[in-house]
Amino acid sequence: MTSLQDYADWQNLPTMFFDKAKKHGDTPFLWTKDPEGKEFVPTSWQEAADQVRALARALYDIGVRPGDRVLLVSENRTEWGIADLAIMCVGAMTVPAYTTNTERDHLHAIEDSGAAIAIISTKKLAQPFLHAALDSGRCRHAIMMEEWGQSFVGDITISRWDDLIAKGRGLTHDVDAWVSKIKRDDLACLIYTSGTGGSPKGVMLSHGAILSNCMGAFDIIETLGIDEEIFLSFLPLSHSYEHTAGLYFPISIDAQIYYAEGLDKLAANLAEVRPTIMTAVPRLYEMLYQRMSRMVEKEGGIKQKLFNLTLRLGRKNYEGERLNLLEKLQNFVCELLLRRKLRQRFGGRIKAMVSGGGPLNYELGVLFVSCGIRILQGYGQTEFAPVVSCNRAENNKLRTVGPPMVGAEVKIAEDGEILLRGESMMKGYWNLPDVTAAAIIDGWLHTGDIGKFDEQGSLMITDRKKDIIVNSGGDNISPQRIEGLMTLETEISQAMVYGDDKPYLVAVVWPDEDFMREFARDNGLSNDIEVLGKNEEFRKVIRTAIDHVNQRLSTIEKVRSFMFAEAAFTIDNEMLTPSMKIRRHKIREAYAKQLDGLYQRKRSGQ
């Protein structure tokens with residue numbers, strides 16, 4: 001059984017993994033769906049350890065040395081973790097790349113990191129990367145997990161994963177001797193930030209930073225009772241949140257990890273895998289809730305009334321209001337007829353779903369808790385490996401992101417900015433000493449987030465410094481809360497609020513696609529935003545949804561006017577980060593004229 005002391009004793013991440021692999025041997029560890037998508041296939045702890053050692057030897061054989069950077073371009077799968085561990089065993093550092101990276105993104109990562117070796121999973125992901133690699137001229141070797149069919153692309157050598165593993169099994173390099181020389185302070189990875197506000201920066205994280213973060217996570221989850229845990233990994237492993245909380249923390253507590261097939265199959269995977277712990281971002285919870293509420297709306301009648309009653313009683317119970325005798329009876333019926341069924345949709349044995357990567361709307365958190373699904377909201381930054389604080393099951397305060405976790409020092413600066421210190425803190429930004437010096441001052445990491453502590457020591461996030469809207473009256477407004485409330489409306493899928501130096505707020509909105517299809521069908525219209533956006537009845541429904549949100553907002557927070565986006569905000573059109581946060585600067589760039597035009601129409605009375 002893992003203890004807090006173990007995290008302090010482990011010298012590096014490969015040591016932790018090999019300790020666990022030796023303990024568990026042939027028991028299942030990592031699970032990925034077979035090529036036909038029929039069933040999950042396991043890789044045991046011992047098999048994984050053997051492959052890690054073999055790949056490490058092979059990487060050394062092709063020239064990887066301590067301190068080198070190796071790019072890893074892959075979706076979540078068993079080979080991802082094996083590659084990451086093998087790279088670290090040599091003393092090199094992994095540079096994870098998002099599967100959504102464009103040629104330009106890859107070129108930036110290659111040029112900035114100086115990586116000469118890349119490990120790539122599929123042909124589809126290899127094409128944009130290899131185009132960038134040829135343009136750069138720096139990358140000399142690419143290792144393909146799946147069949148490529150060529151030995152060279154230009155002057156880049158192409159090797160097959162299976163061939164290198166086989167070759168590595170026959171080599172005699174002493175991997176354990178290499179690992180014994182890796183210190184906690186040595187760099188484990190170089191993770192590029194997803195760039196909500198500009199060009200990605202390479203965050204340098206040490207082995208100790210990730211181990212310290214895992215220790216804090218253990219201290220939080222231990223109160224739930226750690227047994228034979230099952231994780232369903234959905235967020236990209238190239239994101240620091242999943243890298244720590246979805247890979248190395250599960251390893252540290254002897255857990256099994258299943259890799260989800262994708263967003264379209266997530267509901268089926270939840271029912272199939274029946275995870276006990278899952279990490280996700282707020283956008284996923286918004287989508288799951290919208291799906292549940294629309295399903296209930298369609299069925300109507302007694303089911304909708306039961307759903308609404310469940311939410312009302314759950315909220316009342318969560319917020320500490322006493323239930324009368326009738327309400328207690330009704331709550332028991334809700335538990336029998338609805339909550340149990342809803343929990344079964346998530347596999348039936350979820351201990352906690354941990355929300356991070358962005359602020360979780362309070363209303364949304366209460367809705368899930370009302371349905372009997374525990375959500376623990378946390379807060380973090382890539383620069384802190386990444387988790388800073390998290391709520392605990394015994395004191396789950398959804399308006400906060402919980403107390404700082406073990407190993408994290410947090411203080412609030414005079415201007416309200418959250419400052420961090422601890423082993424989890426990054427070593428700095430790769431090749432950016434001036435930017436590093438501006439971020440780490442007197443040993444404290446300046447997060448750019450604004451917050452405060454409540455009376456019990458839980459951290460409350462107000463907003464990001466750069467995301468705060470300052471209207472023409474000088475009022476400071478948090479856009480994320482407003483956007484969160486808007487996307488809880490079943491008619492609205494995505495929203496961005498706008499209003500810097502303006503007299504009031506407006507928004508760009510993307511409607512819920514199921515709602516769009518149903519409205520178009522019922523009214524004999526084309527399911528096209530250009531057509532629907534000009535339809536007065538459609539606009540009226542969206543306006544009513546926004547007015548419903550406005551009832552919960554102060555005067556300065558109310559959204560006075562809106563426009564429709566031309567398409568959904570996606571990772572491909574660069575309006576979402578890979579962790580599904582909106583890229584405000586990209587959306588503002590795309591719709592600046594139309595948003596400013598909303599103020600002109602309002603003044604002219606249109």
# chains A, B, ... in the order shown; residues from 1 in each chain; ligands from 1

call {"tool": "residues_around", "arguments": {"residues": "A:Gly402", "least_positions_apart": "6", "cutoff": "7 Å", "atoms": "only C-alpha atoms", "output": "number ranges by chain"}}
result
A: 378, 389-392, 458-459

call {"tool": "select_by_dssp", "arguments": {"residues": "stretch 43-99 of chain A", "states": "strand (DSSP E or B)", "output": "list in words"}}
result
Thr43, Ser44, Arg69, Val70, Leu71, Leu72, Val73, Met93, Thr94, Val95, Pro96 and Ala97 of chain A

call {"tool": "residues_around", "arguments": {"residues": "A:Arg294", "least_positions_apart": "3", "cutoff": "9 Å", "atoms": "only C-alpha atoms", "output": "ChimeraX atom specification"}}
result
/A:289-291,297-299,490,514-515

call {"tool": "closest_atom_pairs", "arguments": {"of": "stretch 469-584 of chain A", "to": "stretch 180-194 of chain A", "cutoff": "9 Å", "atoms": "only C-alpha atoms", "output": "JSON lines"}}
result
{"residue": "A:Thr577", "atom": "CA", "partner": "A:Ser194", "partner_atom": "CA", "distance": 5.8}
{"residue": "A:Pro578", "atom": "CA", "partner": "A:Ser194", "partner_atom": "CA", "distance": 6.7}
{"residue": "A:Ser579", "atom": "CA", "partner": "A:Ser194", "partner_atom": "CA", "distance": 7.8}

call {"tool": "atom_distance", "arguments": {"atom1": "atom CA of A:Leu55", "atom2": "atom CA of A:Val90"}}
result
9.7 Å
